[in-house]
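**Q** Data: run.txt, compact mmCIF, C-alpha atoms.
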```txt
# COMPACT_ATOMS: atom_id res chain seq x y z
CA MET A 1 -1.41 -7.93 7.13
CA SER A 2 0.33 -5.24 5.20
CA GLU A 3 3.55 -3.37 4.68
CA THR A 4 4.62 0.07 5.71
CA PHE A 5 4.70 2.63 2.95
CA GLU A 6 7.52 4.80 4.17
CA ASP A 7 11.10 4.04 3.10
CA ASP A 8 14.05 4.75 5.32
CA PHE A 9 16.49 7.13 3.68
CA GLU A 10 20.15 7.88 4.00
CA ILE A 11 20.99 11.55 3.61
CA ILE A 12 24.44 12.33 2.32
CA ASP A 13 25.37 15.99 2.32
CA ASP A 14 28.14 18.54 2.61
CA ILE A 15 26.81 21.65 4.32
CA ASP A 16 29.94 23.64 3.47
CA ASP A 17 29.57 23.06 -0.25
CA PRO A 18 28.96 26.46 -1.91
CA GLU A 19 26.40 24.87 -4.22
CA ILE A 20 24.40 23.57 -1.26
CA ILE A 21 24.60 26.95 0.50
CA ALA A 22 23.33 28.75 -2.60
CA LEU A 23 20.51 26.24 -3.13
CA THR A 24 19.50 26.51 0.53
CA GLU A 25 19.28 30.28 0.31
CA LEU A 26 17.24 30.10 -2.90
CA GLY A 27 14.94 27.44 -1.47
CA THR A 28 14.35 29.44 1.70
CA THR A 29 13.62 32.59 -0.30
CA LEU A 30 11.13 30.68 -2.47
CA ILE A 31 9.22 29.34 0.54
CA GLN A 32 9.12 32.78 2.16
CA ALA A 33 7.91 34.38 -1.07
CA ILE A 34 5.02 31.91 -1.24
CA LEU A 35 4.06 32.28 2.43
CA GLU A 36 4.15 36.07 2.09
CA LYS A 37 1.84 35.75 -0.94
CA GLU A 38 4.14 37.53 -3.35
CA PRO A 39 2.97 37.67 -6.99
CA ILE A 40 3.25 34.41 -8.90
CA SER A 41 5.60 36.14 -11.32
CA ASN A 42 8.08 36.57 -8.45
CA VAL A 43 7.78 32.88 -7.62
CA GLN A 44 8.35 31.98 -11.26
CA ASP A 45 11.46 34.18 -11.35
CA LEU A 46 12.90 32.36 -8.33
CA ILE A 47 12.22 28.98 -9.94
CA ASP A 48 13.82 30.15 -13.17
CA ALA A 49 16.82 31.31 -11.13
CA GLY A 50 17.28 27.77 -9.86
CA ALA A 51 15.37 27.71 -6.56
CA PRO A 52 15.10 23.98 -5.72
CA LEU A 53 11.52 22.74 -5.43
CA TRP A 54 12.73 19.74 -3.42
CA TYR A 55 14.17 21.95 -0.68
CA GLN A 56 12.57 21.77 2.79
CA ASP A 57 13.32 24.16 5.64
CA ASP A 58 14.02 23.27 9.28
CA ASP A 59 10.31 22.52 9.80
CA GLY A 60 10.21 20.30 6.75
CA THR A 61 8.15 22.82 4.83
CA SER A 62 8.62 22.76 1.05
CA ALA A 63 7.43 25.21 -1.56
CA LEU A 64 4.44 22.94 -2.24
CA HIS A 65 3.60 22.82 1.48
CA ALA A 66 3.71 26.62 1.51
CA ALA A 67 1.40 26.86 -1.51
CA ALA A 68 -1.06 24.52 0.22
CA TYR A 69 -0.95 26.68 3.36
CA VAL A 70 -1.87 29.84 1.44
CA GLU A 71 -4.50 27.87 -0.56
CA ASN A 72 -3.32 29.13 -3.92
CA GLU A 73 -4.59 26.67 -6.53
CA GLN A 74 -2.78 28.42 -9.39
CA LEU A 75 0.50 28.29 -7.49
CA VAL A 76 0.06 24.63 -6.57
CA LYS A 77 -0.50 23.86 -10.24
CA LEU A 78 2.60 25.85 -11.25
CA LEU A 79 4.84 24.14 -8.70
CA ILE A 80 3.67 20.69 -9.74
CA GLU A 81 4.25 21.51 -13.40
CA GLU A 82 7.76 22.71 -12.49
CA GLY A 83 8.54 19.43 -10.70
CA ALA A 84 7.58 19.88 -7.03
CA VAL A 85 7.75 16.69 -4.93
CA TRP A 86 4.14 15.62 -4.31
CA ASN A 87 4.89 13.20 -1.46
CA ALA A 88 7.43 15.14 0.63
CA VAL A 89 6.51 15.13 4.33
CA ASP A 90 7.27 17.83 6.87
CA ASN A 91 8.46 17.26 10.44
CA LEU A 92 4.90 16.41 11.48
CA GLN A 93 4.71 13.81 8.69
CA ASN A 94 2.22 15.88 6.71
CA THR A 95 2.36 16.18 2.94
CA ALA A 96 1.17 19.26 1.10
CA GLY A 97 -1.91 17.20 0.25
CA ASP A 98 -2.60 16.60 3.93
CA ILE A 99 -2.43 20.34 4.55
CA ALA A 100 -4.86 21.05 1.70
CA LEU A 101 -7.17 18.35 3.06
CA SER A 102 -7.06 19.84 6.57
CA LEU A 103 -8.10 23.19 5.09
CA ASN A 104 -10.93 21.55 3.12
CA ASN A 105 -9.36 22.84 -0.08
CA VAL A 106 -10.51 20.16 -2.50
CA ALA A 107 -9.07 21.85 -5.59
CA CYS A 108 -5.52 22.02 -4.20
CA TYR A 109 -5.77 18.50 -2.76
CA ASN A 110 -6.91 17.04 -6.08
CA LEU A 111 -4.05 18.72 -7.93
CA ILE A 112 -1.52 17.18 -5.54
CA ARG A 113 -3.20 13.77 -5.48
CA ASP A 114 -3.40 13.63 -9.28
CA ALA A 115 0.29 14.55 -9.47
CA GLY A 116 0.97 11.56 -7.25
CA ILE A 117 -1.05 9.26 -9.48
CA ARG A 118 0.76 10.48 -12.60
CA SER A 119 4.11 10.06 -10.89
CA GLU A 120 3.36 6.50 -9.81
CA LEU A 121 2.04 5.60 -13.26
CA LEU A 122 5.26 6.93 -14.78
CA LEU A 123 7.38 4.97 -12.32
CA THR A 124 5.42 1.85 -13.22
CA LEU A 125 6.06 2.46 -16.90
CA LEU A 126 9.77 3.06 -16.33
CA SER A 127 10.07 -0.13 -14.29
CA GLN A 128 8.64 -2.10 -17.21
CA THR A 129 10.97 -0.69 -19.84
CA SER A 130 14.64 0.01 -20.30
CA LEU A 131 13.97 3.73 -19.76
CA ASN A 132 15.44 3.70 -16.27
CA PRO A 133 16.13 7.19 -14.98
CA THR A 134 19.81 8.00 -14.50
CA PRO A 135 20.57 9.63 -11.14
CA SER A 136 22.02 13.11 -11.52
CA GLU A 137 25.22 14.08 -9.75
CA SER A 138 24.47 16.18 -6.69
CA SER A 139 25.92 17.01 -3.33
CA LEU A 140 22.63 15.91 -1.74
CA VAL A 141 21.42 12.39 -2.39
CA LEU A 142 18.34 10.64 -1.05
CA ARG A 143 18.74 6.90 -1.33
CA GLY A 144 16.48 4.13 -0.05
CA VAL A 145 18.44 1.91 2.34
CA ASP A 146 15.75 -0.23 4.00
CA HIS A 147 16.69 -3.87 3.54
CA SER A 148 14.84 -5.03 6.64
CA ALA A 149 12.23 -7.79 6.72
CA VAL A 150 9.53 -5.12 6.39
CA ALA A 151 10.74 -3.99 2.97
CA SER A 152 12.50 -7.05 1.56
CA THR A 153 10.64 -10.28 0.78
CA ASP A 154 13.80 -12.38 0.89
CA THR A 155 14.77 -10.97 4.29
CA PHE A 156 11.22 -11.47 5.55
CA LEU A 157 11.14 -15.10 4.43
CA SER A 158 14.34 -15.82 6.35
CA SER A 159 13.09 -14.04 9.48
CA LYS A 160 11.50 -15.51 12.58
CA LEU A 161 7.78 -15.09 13.24
CA ARG A 162 5.85 -15.88 16.37
CA TYR A 163 2.14 -16.32 17.01
CA THR A 164 0.87 -14.91 20.28
CA GLN A 165 -1.80 -12.79 21.95
CA ASP A 166 -1.33 -9.26 23.21
CA SER A 167 -2.43 -7.93 26.59
CA HIS A 168 -5.93 -7.30 25.21
CA GLY A 169 -6.32 -10.90 24.02
CA GLN A 170 -5.83 -9.99 20.36
CA ASP A 171 -4.32 -12.72 18.18
CA ILE A 172 -1.22 -11.48 16.41
CA CYS A 173 1.51 -12.79 14.16
CA LEU A 174 4.66 -10.85 15.02
CA LEU A 175 7.89 -10.12 13.22
CA VAL A 176 10.78 -8.89 15.38
CA LEU A 177 13.19 -6.59 13.55
CA ASP A 178 16.93 -6.40 14.20
CA ASP A 179 16.45 -3.26 16.30
CA GLY A 180 14.00 -5.10 18.56
CA GLN A 181 10.92 -3.33 17.22
CA GLU A 182 7.90 -5.57 16.74
CA VAL A 183 5.81 -5.41 13.59
CA GLY A 184 2.46 -7.08 13.20
CA VAL A 185 2.45 -9.27 10.11
CA MET A 186 -1.24 -9.75 10.76
CA MET A 187 -3.38 -8.72 13.71
CA GLY A 188 -6.76 -9.69 15.04
CA TRP A 189 -8.24 -6.20 14.60
CA GLU A 190 -8.39 -6.91 10.86
CA ARG A 191 -11.16 -9.47 11.42
CA GLU A 192 -13.98 -7.00 10.66
CA ILE A 193 -12.31 -6.07 7.37
CA MET A 194 -11.95 -9.73 6.45
CA GLN A 195 -15.58 -10.45 7.40
CA LYS A 196 -16.83 -7.65 5.17
CA THR A 197 -14.52 -8.80 2.39
CA VAL A 198 -15.82 -12.37 2.45
CA GLU A 199 -19.40 -11.11 2.46
CA LYS A 200 -18.75 -8.97 -0.62
CA LEU A 201 -16.87 -11.77 -2.37
CA CYS A 202 -19.19 -14.66 -1.61
CA ILE A 203 -22.63 -13.99 -0.15
CA ASP A 204 -24.49 -13.30 -3.40
CA HIS A 205 -22.17 -15.28 -5.69
CA GLU A 206 -24.17 -17.44 -8.08
CA LYS A 207 -22.05 -20.51 -7.22
CA LYS A 208 -22.04 -20.06 -3.43
CA ASP A 209 -24.46 -22.92 -2.77
CA GLN A 210 -22.48 -25.27 -5.01
CA GLY A 211 -19.20 -24.61 -3.21
CA LEU A 212 -16.86 -21.96 -4.56
CA LYS A 213 -13.36 -22.48 -5.91
CA VAL A 214 -11.24 -20.13 -3.78
CA LEU A 215 -7.62 -19.00 -4.08
CA ASN A 216 -6.00 -17.09 -1.21
CA VAL A 217 -2.44 -15.77 -1.35
CA GLY A 218 -0.96 -15.19 2.11
CA PHE A 219 -2.28 -17.01 5.20
CA GLY A 220 -1.19 -14.75 8.08
CA LEU A 221 -3.46 -15.55 11.03
CA GLY A 222 -5.78 -17.49 8.78
CA ILE A 223 -8.69 -15.12 9.47
CA ILE A 224 -10.03 -14.96 5.94
CA ASP A 225 -9.36 -18.64 5.29
CA ASN A 226 -11.43 -19.58 8.34
CA LEU A 227 -14.19 -17.30 7.12
CA PHE A 228 -14.14 -19.00 3.73
CA GLN A 229 -14.35 -22.40 5.45
CA ASN A 230 -17.28 -21.23 7.57
CA LEU A 231 -19.49 -20.29 4.62
CA SER A 232 -22.87 -22.03 4.66
CA THR A 233 -21.47 -24.23 1.89
CA PRO A 234 -17.69 -24.65 2.35
CA PRO A 235 -15.52 -24.11 -0.73
CA ALA A 236 -15.41 -27.02 -3.14
CA LEU A 237 -11.74 -26.13 -3.57
CA HIS A 238 -9.68 -23.89 -1.30
CA VAL A 239 -6.10 -23.24 -2.42
CA ILE A 240 -3.73 -21.33 -0.13
CA VAL A 241 -0.35 -20.03 -1.32
CA GLU A 242 2.08 -19.34 1.54
CA PRO A 243 5.89 -19.02 1.46
CA HIS A 244 7.01 -18.46 5.07
CA ARG A 245 8.23 -21.55 6.94
CA ASP A 246 6.91 -20.38 10.32
CA VAL A 247 3.46 -19.71 8.90
CA LEU A 248 3.46 -23.12 7.22
CA ALA A 249 4.44 -24.73 10.53
CA HIS A 250 1.57 -22.90 12.24
CA MET A 251 -0.83 -24.09 9.54
CA LYS A 252 0.25 -27.68 10.16
CA GLU A 253 -0.30 -27.26 13.89
CA GLN A 254 -3.77 -25.90 13.18
CA GLY A 255 -4.65 -28.86 10.95
CA TRP A 256 -4.93 -26.99 7.67
CA TYR A 257 -3.04 -29.64 5.76
CA ASP A 258 -5.73 -32.17 6.71
CA LYS A 259 -8.83 -30.08 5.93
CA LYS A 260 -11.13 -31.44 3.25
CA GLY A 261 -10.94 -29.53 -0.01
CA VAL A 262 -7.90 -27.50 1.10
CA SER A 263 -4.67 -27.55 -0.89
CA ILE A 264 -1.58 -25.66 0.24
CA LEU A 265 1.10 -24.53 -2.15
CA GLU A 266 4.36 -23.80 -0.34
CA GLY A 267 6.23 -20.95 -1.97
CA LYS A 268 5.96 -17.39 -3.24
CA TRP A 269 3.03 -16.69 -5.51
CA GLN A 270 5.49 -15.47 -8.16
CA ASP A 271 6.91 -19.01 -8.32
CA CYS A 272 3.53 -20.75 -8.11
CA ILE A 273 1.54 -18.68 -10.57
CA ALA A 274 2.72 -20.50 -13.68
CA SER A 275 3.32 -23.86 -12.00
CA GLU A 276 1.51 -27.03 -12.99
CA ALA A 277 0.44 -27.38 -9.37
CA LEU A 278 -1.64 -24.19 -9.49
CA GLN A 279 -2.74 -24.44 -13.10
CA GLY A 280 -3.93 -27.96 -12.45
CA PHE A 281 -6.72 -26.61 -10.26
CA GLY A 282 -8.24 -24.71 -13.16
CA LYS A 283 -9.73 -21.26 -12.68
CA PHE A 284 -11.26 -19.75 -9.55
CA ASP A 285 -14.52 -18.14 -8.51
CA VAL A 286 -12.96 -16.06 -5.75
CA ILE A 287 -9.39 -14.79 -5.36
CA TYR A 288 -7.90 -12.86 -2.47
CA THR A 289 -4.33 -11.71 -1.83
CA ASP A 290 -2.70 -10.25 1.26
CA THR A 291 1.06 -10.49 1.30
CA PHE A 292 3.72 -8.95 3.52
CA SER A 293 6.88 -6.99 2.63
CA GLU A 294 5.85 -6.65 -1.02
CA ASN A 295 5.54 -3.23 -2.63
CA TYR A 296 2.87 -2.03 -5.01
CA SER A 297 4.74 -3.20 -8.10
CA GLU A 298 4.26 -6.82 -7.01
CA LEU A 299 0.54 -6.30 -6.47
CA HIS A 300 0.36 -4.73 -9.92
CA LYS A 301 2.03 -7.83 -11.37
CA PHE A 302 -0.57 -10.00 -9.68
CA PHE A 303 -3.35 -7.96 -11.30
CA LYS A 304 -1.99 -8.94 -14.71
CA HIS A 305 -2.66 -12.63 -13.98
CA LEU A 306 -6.34 -12.17 -13.15
CA ARG A 307 -7.56 -12.90 -16.67
CA GLU A 308 -5.99 -16.34 -16.56
CA LEU A 309 -7.11 -17.07 -12.99
CA LEU A 310 -10.74 -15.91 -12.82
CA ALA A 311 -13.28 -18.46 -14.03
CA SER A 312 -16.17 -16.32 -15.26
CA PRO A 313 -17.65 -12.83 -15.42
CA GLU A 314 -19.19 -13.54 -12.01
CA SER A 315 -15.79 -14.33 -10.46
CA ARG A 316 -14.46 -11.83 -7.93
CA PHE A 317 -11.12 -10.58 -6.69
CA SER A 318 -10.03 -8.56 -3.70
CA PHE A 319 -6.84 -7.65 -1.87
CA PHE A 320 -5.87 -6.11 1.45
CA ASN A 321 -5.86 -2.44 0.57
CA GLY A 322 -3.24 -1.27 3.05
CA LEU A 323 -0.60 0.45 0.95
CA GLY A 324 0.14 3.95 2.19
CA ALA A 325 -2.45 3.55 4.94
CA THR A 326 -0.62 5.70 7.48
CA ASN A 327 -1.25 8.81 5.39
CA ALA A 328 -4.52 9.94 3.78
CA LEU A 329 -2.88 11.25 0.60
CA PHE A 330 -0.72 8.18 0.02
CA TYR A 331 -3.71 5.91 0.65
CA ASP A 332 -5.85 7.85 -1.81
CA VAL A 333 -3.13 7.73 -4.47
CA TYR A 334 -2.60 3.97 -4.17
CA THR A 335 -6.33 3.27 -4.03
CA ARG A 336 -6.90 5.17 -7.27
CA LEU A 337 -3.75 3.76 -8.85
CA SER A 338 -4.90 0.21 -8.18
CA GLU A 339 -8.28 1.00 -9.74
CA LEU A 340 -6.55 2.22 -12.90
CA HIS A 341 -4.30 -0.83 -13.09
CA LEU A 342 -7.21 -3.20 -12.45
CA ALA A 343 -9.00 -1.54 -15.35
CA ASP A 344 -5.92 -2.18 -17.50
CA ALA A 345 -6.15 -5.82 -16.42
CA GLY A 346 -9.75 -6.00 -17.60
CA ALA A 347 -11.45 -5.73 -14.22
CA ASP A 348 -13.89 -3.18 -12.85
CA VAL A 349 -13.70 -2.44 -9.14
CA VAL A 350 -16.35 -1.31 -6.68
CA TRP A 351 -15.22 0.25 -3.39
CA SER A 352 -16.91 -0.01 -0.01
CA ASP A 353 -15.98 1.94 3.11
CA VAL A 354 -15.36 0.04 6.34
CA ASP A 355 -15.17 2.14 9.50
CA VAL A 356 -12.21 0.89 11.55
CA SER A 357 -12.02 3.84 13.93
CA ALA A 358 -13.83 2.29 16.90
CA GLN A 359 -10.83 0.51 18.42
CA ASN A 360 -8.33 2.80 20.14
CA ASP A 361 -4.66 2.73 19.22
CA GLU A 362 -3.48 1.09 22.43
CA GLU A 363 -5.87 -1.84 22.00
CA ARG A 364 -5.07 -2.22 18.32
CA TRP A 365 -1.30 -1.80 18.23
CA GLY A 366 0.14 -2.24 21.72
CA GLU A 367 3.90 -1.97 21.24
CA THR A 368 3.88 -2.88 17.55
CA ARG A 369 4.49 -0.57 14.61
CA LYS A 370 1.35 0.91 13.08
CA TYR A 371 0.62 -0.02 9.49
CA PHE A 372 -2.96 1.31 9.24
CA SER A 373 -3.83 4.56 11.02
CA LEU A 374 -6.76 5.89 8.99
CA PRO A 375 -10.38 5.76 10.17
CA ILE A 376 -11.78 4.29 6.95
CA TYR A 377 -10.66 1.17 5.08
CA ARG A 378 -11.45 1.17 1.33
CA LEU A 379 -12.54 -2.36 0.45
CA PRO A 380 -12.12 -3.34 -3.20
CA ILE A 381 -14.19 -5.92 -5.07
CA ALA A 382 -13.18 -6.43 -8.69
CA LYS A 383 -14.95 -8.42 -11.36
CA PRO A 384 -13.98 -9.12 -14.99
CA ARG A 385 -15.28 -6.41 -17.25
CA GLN A 386 -18.31 -7.37 -19.31
CA ILE A 387 -17.59 -7.05 -23.03
```
Could you write out this file's structure as structure tokens?

**A**
Amino acid sequence: MSETFEDDFEIIDDIDDPEIIALTELGTTLIQAILEKEPISNVQDLIDAGAPLWYQDDDGTSALHAAAYVENEQLVKLLIEEGAVWNAVDNLQNTAGDIALSLNNVACYNLIRDAGIRSELLLTLLSQTSLNPTPSESSLVLRGVDHSAVASTDTFLSSKLRYTQDSHGQDICLLVLDDGQEVGVMMGWEREIMQKTVEKLCIDHEKKDQGLKVLNVGFGLGIIDNLFQNLSTPPALHVIVEPHRDVLAHMKEQGWYDKKGVSILEGKWQDCIASEALQGFGKFDVIYTDTFSENYSELHKFFKHLRELLASPESRFSFFNGLGATNALFYDVYTRLSELHLADAGADVVWSDVDVSAQNDEERWGETRKYFSLPIYRLPIAKPRQI
């Protein structure tokens, strides 16, 4: 269960605008200068003359892509310092970081990845203050326009879900978009990830034999909740927060409302977190969250509540680490960003690698949209920092 990282964009332009023509020529010249390995001083002169670092040619190549191709660490550093776009993708959906990675150029890759981390940290800071950036006037505007159920929680919660099995017998919870495309809200192939997660969260927990107090946010197919219930000693308390009416109906059909020790809070976690209903349960030994159609900023907000939710230094937290998981660079950035923000929340995280490459794409996805296409899943286990 995850969300797609990529936004849909609306491009508004006027190709006959003299300003656009001039910028296009400068941008093209800059890319050519880099690919032809001209001196860095020439590149700097073009930048100073106004060559746009955001410009991409007909192949989607940007100046930063070009610098990655020629493996020039000094040039990559210069372009980033001058404002190059770290996450621009070319027509093959590759970022400059992907190109550096494919060439085994660790130095260039790390420069681009670290630029992404800094950028996301800055965006987080801006979103928390009144320092909102003011869009500049331009003939070319990129504007996010995705209000579908994949990107909007409110749209998702009013959408229709269906539980079914695909042609390979895989259990899936499907969301059908307005254009007819099917998106897996949660799919059976995630079971191995969930199994490993429960093992890391529970197997050697000091309170496992007494019955853990467990909080899970987001039911999906119920894979992880069933795994919690199947522990050698079932949870003493198992709280599930779930907002979608179709999922709640499925949970009723499956008998979850009648299970011993299980309490279900109907609603978004943002509405439940400070409620008497949740606070009345006290603190938890194990917490897991896996929501759909929420962006990283919401996950970051959840991190900030961990201090008030975790019961002891032995308590553990994990989440489905699927943000940006269709691109190695994006996934690396969000993995490292979450580690930094967990540290800010007073939690130290240990990562484990889960190989999810065995199943082929046809068996895993069928006709649904991919939301995880990397061979390795990075599994996080966070615990309150010892002071």

**Q** Determine the nearest neighbour of Arg364 of chain A from the options A:Asn94, A:Ser102, A:Glu190, A:Pro18, counting all atoms listed in the file.

**A**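 Counting all atoms listed in the file, the residue closest to Arg364 of chain A is A:Glu190.
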
**Q** Restricting the calculation to all atoms listed in the file, which member of A:Ala115, A:Ala33, A:Val217, A:Leu278 is positioned closest to Ser62 of chain A?

**A** A:Ala33

**Q** Distance table requested - segment 190-286 of chain A against segment 314-335 of chain A, cut-off 8 Å, only C-alpha atoms: one row per qualifying residue with the closest atom pair and its distance in Å to one decimal, ordered by chain and rising residue number, as CSV.

**A**
```
residue,atom,partner,partner_atom,distance
A:Thr197,CA,A:Ser318,CA,7.6
A:Leu201,CA,A:Arg316,CA,6.1
A:His205,CA,A:Glu314,CA,7.2
A:Glu206,CA,A:Glu314,CA,7.4
A:Phe284,CA,A:Ser315,CA,7.1
A:Asp285,CA,A:Ser315,CA,4.5
A:Val286,CA,A:Arg316,CA,5.0
```

**Q** Set the distance at 6 Å and use all atoms listed in the file: which residues neighbour segment 238-243 of chain A once local chain neighbours fewer than 4 positions away are removed? I'd like the list as a PDB file with C-alpha atoms, in the coordinates of the input.

**A**
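Saved result, result_9.pdb, follows:
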```
ATOM      1  CA  VAL A 214     -11.240 -20.130  -3.780  1.00  0.00           C
ATOM      2  CA  LEU A 215      -7.620 -19.000  -4.080  1.00  0.00           C
ATOM      3  CA  ASN A 216      -6.000 -17.090  -1.210  1.00  0.00           C
ATOM      4  CA  VAL A 217      -2.440 -15.770  -1.350  1.00  0.00           C
ATOM      5  CA  GLY A 218      -0.960 -15.190   2.110  1.00  0.00           C
ATOM      6  CA  GLY A 261     -10.940 -29.530  -0.010  1.00  0.00           C
ATOM      7  CA  VAL A 262      -7.900 -27.500   1.100  1.00  0.00           C
ATOM      8  CA  SER A 263      -4.670 -27.550  -0.890  1.00  0.00           C
ATOM      9  CA  ILE A 264      -1.580 -25.660   0.240  1.00  0.00           C
ATOM     10  CA  LEU A 265       1.100 -24.530  -2.150  1.00  0.00           C
ATOM     11  CA  GLU A 266       4.360 -23.800  -0.340  1.00  0.00           C
ATOM     12  CA  GLY A 267       6.230 -20.950  -1.970  1.00  0.00           C
ATOM     13  CA  LYS A 268       5.960 -17.390  -3.240  1.00  0.00           C
TER      14      LYS A 268
END
```

**Q** Please, what distance in Å, to one decimal, runs between atom CA of Lys196 of chain A and atom CA of Lys252 of chain A?

**A**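 Interatomic distance here is 26.8 Å.
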
**Q** So how many Å separate atom CA of Ser352 of chain A and atom CA of Arg378 of chain A, to one decimal?

**A**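 For atom CA of Ser352 of chain A relative to atom CA of Arg378 of chain A, the distance reads 5.7 Å.
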
**Q** Neighbouring residues of Lys207 of chain A were defined as those with any atom within 10 Å, considering all atoms listed in the file; residues of the same chain fewer than 2 positions away were excluded. Please report them as a PyMOL selection string.

**A** chain A and resi 202-205+209-213+233+235+285+314-315

**Q** Counting all atoms listed in the file, figure out which residue out of A:Leu46, A:Val349, A:Leu35, A:Ile40 gets nearest to Thr61 of chain A.

**A**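 Counting all atoms listed in the file, the residue closest to Thr61 of chain A is A:Leu35.
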
**Q** Enter the distance from atom CA of His65 of chain A to atom CA of Ala49 of chain A, in Å, rounded to one decimal.

**A**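 Spanning atom CA of His65 of chain A to atom CA of Ala49 of chain A is a straight-line distance of 20.1 Å.
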
**Q** Give me the residues within 12 Å of Asp114 of chain A as a list in words, counting only C-alpha atoms and dropping any in the same chain fewer than 6 places off.

**A**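 Listed by chain and then number, they are Val76, Lys77, Ile80, Glu81, Trp86, Asn87, Gly97, Val106, Ala107, Cys108, Glu120, Leu121, Leu329, Phe330, Asp332, Val333, Tyr334, Thr335, Arg336 and Leu337 of chain A.
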
**Q** From the set A:Ile287, A:Ala274, A:Ile381, A:Leu221, which residue has the shortest atom-to-atom contact distance to Ala311 of chain A, counting all atoms listed in the file?

**A** A:Ile287

**Q** So which one's closest to Arg245 of chain A, A:Ser167, A:Ser297, A:Ser41, A:Ser158? Using all atoms listed in the file, please.

**A**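 Under the stated criterion, the closest residue is A:Ser158.
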